[in-house]
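Accompanying notes for the structure given below.
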Amino acid sequence: MSRSPVVRRILPVAVEAGAGRAPRWPALALAVLGGVLLAGAPPRAAAPSHWSDATGRVVLDNGLTVLMLQRGALPIVSVEALYRFGSRNEPPNLTGGAHFLEHMAFRSTDEIAKQDLTNQILRWGGRWNGYTSYDQTVYASAVPNEHLEWLLYLESQRMRHVRFVQAEVDRERTSVTAEEQQYRNSPAYVLSEHRLRRVALVAHPYGSPIMGRMSDLLGVTAPELERLYHEYYAPNNAILTIVGRFDEDAALALVRKYFGGVPGDGRSTTLRTVEPEQHGPRRVTMHASGSVAHLELLVHAPAAGDEAFATLLALDGVLAGGKAPGSGGAARDSRLYQALVASGLATSVRTSTELAEYPGLYAIDVDAPPDADLQKIEARLDAALADAAQTISAAEVARAVRQVQVALAFGADSNRAVADLLAVYEEMQSYRLLAELPARLGTVTPDEVRAFARDRLDRDHRTIGWLVPDRTAAAEPGIAAEPAAPPAPDVIPRRASARPLPPPRLEVPDLPAPATRRLDNGMTVLALQVPGEAVNIRVRVEAGSADDPAGREGTALLAARLLTEGTAGQAAALDDPEVNLSQSAFDRGPFANRDYVEISATCLPAALDTVGRALAAAVSSPAFDASALARAKRSLAVSTAARADDSRWRADRAVFDHLYAPGQRYGRPPEGTADSLARITWDDVVAFHRAHYRPERTVVAVAGPVDAAAARDAVARAFGGWRV
């Protein structure tokens with residue numbers, strides 16, 4: 001699959017359990033706190049090594065780059081095969097070809113039938129996925145380490161032996177076009193991916209949509225895809241990453257066995273096209289049927305390997321709150337949030353920093369109610385950017401740098417995430433950039449950030465897109481094409497694998513048992529020591545939408561969204577640069593919130609006590625500010641209206657409507673209706689919290705590189721005084 005247009009710049013993240021490591025201060029945390037990375041700190045001895053420094057790198061004679069890292073305690077290994085081939089390399093008439101090839105690589109090879117290629121890793125109890133971006137195509141998996149050889153064999157089959165039968169291409173075309181059509185249900189996606197990027201990038205192929213043009217997807221043939229595949233899928237265009245518990249010498253021998261004889265004859269994917277400098281603003285206005293007004297601002301941005309990329313991350317941290325490269329919503333105390341959302345002009349603002357091999361784009365996305373004045377929003381955004389270019393302070397830069405450094409540490413939270421980080425950064429420039437980027441951030445000065453803002457965010461360098469909702473506007477007409485080959489038969493003959501794969505084993509490895517405690521107030525605490533750089537704390541309360549009062553649907557969701565709008569001390573702790581806060585009420589669709597709500601925080605180990613107390617205060621005694629309730633109601637109404645444009649959401653809604661009568665607990669809409677939201681008062685939210693937020697309905701879980709018993713006791717101290 002391609003990365004979602006909304007999160008296409010975010011690296012995949014997963015969580016895996018492990019044990020057996022003594023408590024330690026994370027390496028990157030030590031590097032950050034050691035002083036050598038913090039601007040203005042006195043020089044000290046060399047900082048401890050970054051975790052990536054333990055990575056081994058070997059390049060085979062055919063050009064295949066192999067990265068290996070021992071990590072974790074469980075007998076699990078993650079393998080990622082990355083091809084330096086993405087939508088940037090597609091020729092005319094074949095846009096979307098890289099993503100189409102990714103789909104075909106999950107069907108069948110010369111020796112492995114589709115049912116085995118698709119399902120075998122799942123039979124082993126593993127995980128299996130892929131994605132396509134502008135720069136690369138990635139195949140990622142995690143399996144018990146006893147199956148490492150078979151996994152490498154499967155990847156070698158995928159490198160050179162994917163079958164391109166026209167009937168199977170036609171069958172997969174249905175999936176590819178359906179995925180693109182699903183994205184097209186969002187007018188903001190069409191504006192951004194199919195309109196604005198091409199205006200912002202007039203020469204560079206980063207302006208081409210990852211999913212491709214529908215006319216190309218409908219017309220591409222099996223021979224065209226096969227030719228593209230053989231041109232680019234080769235060892236000299238690939239990076240193979242192995243992370244987990246395994247024997248490195250044996251693993252390298254297996255890599256040589258299955259990949260060493262493959263010719264390194266792939267066509268170069270290096271680009272020489274340079275995007276010309278922009279002189280003068282560019283604009284796109286699009287009228288479309290939709291429920292949300294949208295504004296997007298794009299400016300040219302440095303490549304990941306450029307020294308200036310760290311300056312961009314620091315500037316983004318000042319504007320929207322520090323984060324790792326990718327896309328994310330602006331923090332509540334950030335300049336953009338205060339200017340646009342807190343002021344009531346918009347309902348949300350996001351920023352995106354593209355982790356790209358070549359100069360790409362920096363984006364600011366603003367959503368607003370359908371009747372919003374986009375001209376006024378743009379004027380307020382312009383004023384906020386102009387002010388930032390002149391008034392960014394040293395304290396703001398130091399805070400932003402700290403936030404980004406910690407966010408980079410948080411990204412290495414599983415074997416799969418680490419494997420992806422190593423492969424992607426190696427493709428950008430070198431996996432060593434993982435350690436160099438935090439150090440570069442530490443040298444960024446306020447003068448550099450202000451100068452960068454004045455230069456890059458100048459009006460003459462901006463591309464602005466407006467999406468104006470218009471209920472009378474017709475949807476974009478569908479694109480019809482004559483089939484390039486006879487249609488696929490109803491049933492594709494089932495093939496057997498030429499090399500039978502081993503059956504699954506039912507043995508489950510011994511998993512570490514969490515340290516468990518039932519508090520006197522009835523709350524349950526679970527804690528587990530796992531490898532990584534950060535601690536994750538999750539608080540789950542049985543207070544979901546199934547408990548909404550009749551006629552006031554949406555109360556549970558509103559109450560959950562307001563939990564962290566608490567007292568000054570509480571908010572400060574949860575807004576700390578070392579804390580990454582998330583809530584199920586924000587981050588998941590409404591169908592995940594019928595029975596419970598969840599608030600979680602990721603922090604460095606030293607902050608566990610402080611963050612635990614802040615979470616306890618947020619859940620047990622939130623402030624429920626009246627003005628925050630009004631903003632939350634407005635935001636929920638707008639986001640719910642926007643979901644009406646999403647066919648998947650509407651299908652989910654239809655299923656629940658079919659399964660449950662409207663008056664049943666699960667039949668009522670978790671997000672409420674316009675009428676029910678209008679009826680919800682401050683007293684309703686307070687009464688809901690008093691009735692349903694109780695310690696005996698709450699479970700708190702902690703996982704990270706800490707002693708499990710100590711973490712359990714820290715949470716018990718924080719929540720033990722909660723009484724109702």
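Identifiers for the structure tokens are assigned positionally: chains receive A, B, ... in sequence, residues are indexed from 1 per chain, and ligands are indexed from 1 in the order shown.
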Pro276 of chain A surroundings by only C-alpha atoms, 12 Å radius, close-in-sequence under 3 positions cut, as a VMD selection string: chain A and resid 200 to 204 273 279 300 359 to 360 461
Once you have the residues from the selection above, write them out as a CSV table (one decimal), in the first residue's frame, restricted to N, CA and C atoms.
chain,number,residue,atom,x,y,z
A,200,ALA,N,3.8,23.8,-7.0
A,200,ALA,CA,5.0,24.1,-6.2
A,200,ALA,C,6.3,23.6,-6.8
A,201,LEU,N,6.2,22.4,-7.4
A,201,LEU,CA,7.4,21.8,-8.0
A,201,LEU,C,7.2,21.7,-9.5
A,202,VAL,N,7.7,22.6,-10.3
A,202,VAL,CA,7.4,22.7,-11.7
A,202,VAL,C,8.3,21.8,-12.5
A,203,ALA,N,9.4,21.3,-11.9
A,203,ALA,CA,10.4,20.5,-12.7
A,203,ALA,C,10.7,19.2,-12.0
A,204,HIS,N,10.7,19.2,-10.7
A,204,HIS,CA,11.2,18.0,-10.0
A,204,HIS,C,10.0,17.0,-9.9
A,273,THR,N,17.7,16.3,-12.1
A,273,THR,CA,16.8,17.4,-12.3
A,273,THR,C,16.8,18.3,-11.0
A,279,HIS,N,10.3,32.5,-7.7
A,279,HIS,CA,10.3,33.9,-7.6
A,279,HIS,C,8.9,34.4,-7.8
A,300,HIS,N,9.6,25.4,-0.6
A,300,HIS,CA,10.6,24.5,-0.9
A,300,HIS,C,11.4,24.3,0.4
A,359,PRO,N,15.8,18.0,-2.4
A,359,PRO,CA,14.9,19.1,-1.8
A,359,PRO,C,13.5,18.9,-2.1
A,360,GLY,N,12.6,18.9,-1.0
A,360,GLY,CA,11.2,18.7,-1.2
A,360,GLY,C,10.4,19.9,-0.8
A,461,HIS,N,8.1,33.0,-2.0
A,461,HIS,CA,8.5,31.6,-2.1
A,461,HIS,C,7.4,30.6,-1.7
Give me the residues near Arg213 of chain A as a compact mmCIF listing (two decimals) with N, CA and C atoms, in the first residue's frame, where near means some atom within 9 Å (using only C-alpha atoms) and where sequence neighbours in that chain fewer than 5 positions away do not count.
# COMPACT_ATOMS: atom_id res chain seq x y z
N ASN A 93 3.22 8.22 -18.61
CA ASN A 93 2.28 7.12 -18.89
C ASN A 93 2.31 6.02 -17.84
N LEU A 94 3.26 6.09 -16.89
CA LEU A 94 3.35 5.05 -15.87
C LEU A 94 3.34 5.64 -14.46
N THR A 95 2.69 6.79 -14.27
CA THR A 95 2.57 7.30 -12.91
C THR A 95 1.78 6.31 -12.07
N GLY A 96 2.21 6.14 -10.82
CA GLY A 96 1.62 5.11 -9.97
C GLY A 96 2.23 3.75 -10.18
N GLU A 180 -6.88 4.54 -4.65
CA GLU A 180 -6.79 5.92 -5.10
C GLU A 180 -8.15 6.62 -5.00
N HIS A 194 -2.73 16.24 -6.23
CA HIS A 194 -2.93 16.30 -7.68
C HIS A 194 -2.92 17.71 -8.25
N SER A 208 4.87 14.65 -8.68
CA SER A 208 3.97 13.63 -9.22
C SER A 208 3.33 12.85 -8.08
N LEU A 218 -5.47 2.86 -15.08
CA LEU A 218 -6.44 2.08 -15.84
C LEU A 218 -5.84 1.50 -17.11
Best match for closeness to Leu60 of chain A among A:Val262, A:Ile121, A:Met104, A:Ala288, counting only C-alpha atoms: A:Val262
Nearest to Ala372 of chain A, chosen from A:His294, A:Arg679, A:Arg690, A:Arg171, with only C-alpha atoms counted in the distances: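 Comparing A:His294, A:Arg679, A:Arg690, A:Arg171 against Ala372 of chain A, the winner is A:His294.
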Residue neighbourhood Ala641 of chain A, 9 Å, only C-alpha atoms, exclusion window fewer than 4 positions, as a list in words: Gly290, Ser291, Val292, Leu636, Ala637 and Asp645 of chain A
Ala626 of chain A environment, 10 Å, only C-alpha atoms, sequence neighbours closer than 4 positions dropped, as an NGL selection string: :A and (562 or 630-632 or 681-683)
Export C-alpha atoms of the chosen residues as a CSV table (one decimal), in the first residue's frame?
chain,number,residue,atom,x,y,z
A,562,LEU,CA,-10.9,17.9,27.5
A,630,ALA,CA,-16.9,25.3,23.1
A,631,ARG,CA,-13.8,24.8,20.9
A,632,ALA,CA,-14.0,21.0,21.3
A,681,THR,CA,-23.5,21.6,28.4
A,682,TRP,CA,-20.6,22.0,30.8
A,683,ASP,CA,-22.7,20.4,33.5
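Using only C-alpha atoms for every distance, the candidate list A:Arg712, A:Arg272, A:Arg499, A:Arg634 yields A:Arg499 as the residue closest to Asp116 of chain A.
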d(atom CA of Arg561 of chain A, atom CA of Ala342 of chain A) in Å: 14.9 Å
Spatial neighbours of Asp547 of chain A, 12 Å, only C-alpha atoms, chain gap at least 3 places, as a PyMOL selection string: chain A and resi 541-544+550-557+559+593-597+664-670+687-689+691-693
Shell of 8 Å around Ala616 of chain A, only C-alpha atoms, local chain residues under 2 positions omitted, as a list of chain:residue names: A:Gly612, A:Arg613, A:Ala614, A:Ala618, A:Val619, A:Ser620, A:Ala718, A:Phe719, A:Trp722
Expected file contents, prior selection, N, CA and C atoms, as a PDB file, in the first residue's frame:
ATOM      1  N   GLY A 612       3.532  10.579  35.314  1.00  0.00           N
ATOM      2  CA  GLY A 612       2.509   9.763  35.964  1.00  0.00           C
ATOM      3  C   GLY A 612       1.575  10.604  36.812  1.00  0.00           C
ATOM      4  N   ARG A 613       2.152  11.532  37.574  1.00  0.00           N
ATOM      5  CA  ARG A 613       1.302  12.412  38.402  1.00  0.00           C
ATOM      6  C   ARG A 613       0.427  13.309  37.539  1.00  0.00           C
ATOM      7  N   ALA A 614       0.970  13.793  36.426  1.00  0.00           N
ATOM      8  CA  ALA A 614       0.185  14.655  35.539  1.00  0.00           C
ATOM      9  C   ALA A 614      -0.968  13.890  34.909  1.00  0.00           C
ATOM     10  N   ALA A 618      -4.957  14.552  35.296  1.00  0.00           N
ATOM     11  CA  ALA A 618      -5.784  14.759  34.108  1.00  0.00           C
ATOM     12  C   ALA A 618      -7.011  13.860  34.119  1.00  0.00           C
ATOM     13  N   VAL A 619      -6.842  12.619  34.550  1.00  0.00           N
ATOM     14  CA  VAL A 619      -7.945  11.660  34.515  1.00  0.00           C
ATOM     15  C   VAL A 619      -8.877  11.840  35.719  1.00  0.00           C
ATOM     16  N   SER A 620      -8.313  12.117  36.881  1.00  0.00           N
ATOM     17  CA  SER A 620      -9.141  12.144  38.090  1.00  0.00           C
ATOM     18  C   SER A 620      -9.773  13.497  38.375  1.00  0.00           C
ATOM     19  N   ALA A 718       1.323   7.605  41.969  1.00  0.00           N
ATOM     20  CA  ALA A 718       0.645   8.706  41.285  1.00  0.00           C
ATOM     21  C   ALA A 718      -0.873   8.577  41.362  1.00  0.00           C
ATOM     22  N   PHE A 719      -1.394   7.353  41.217  1.00  0.00           N
ATOM     23  CA  PHE A 719      -2.840   7.147  41.135  1.00  0.00           C
ATOM     24  C   PHE A 719      -3.454   6.645  42.445  1.00  0.00           C
ATOM     25  N   TRP A 722      -6.382   8.465  44.267  1.00  0.00           N
ATOM     26  CA  TRP A 722      -7.629   8.759  43.556  1.00  0.00           C
ATOM     27  C   TRP A 722      -8.789   8.067  44.267  1.00  0.00           C
TER      28      TRP A 722
END
Atomic separation - atom CA of Asp135 of chain A relative to atom CA of Ser87 of chain A, Å: 6.7 Å
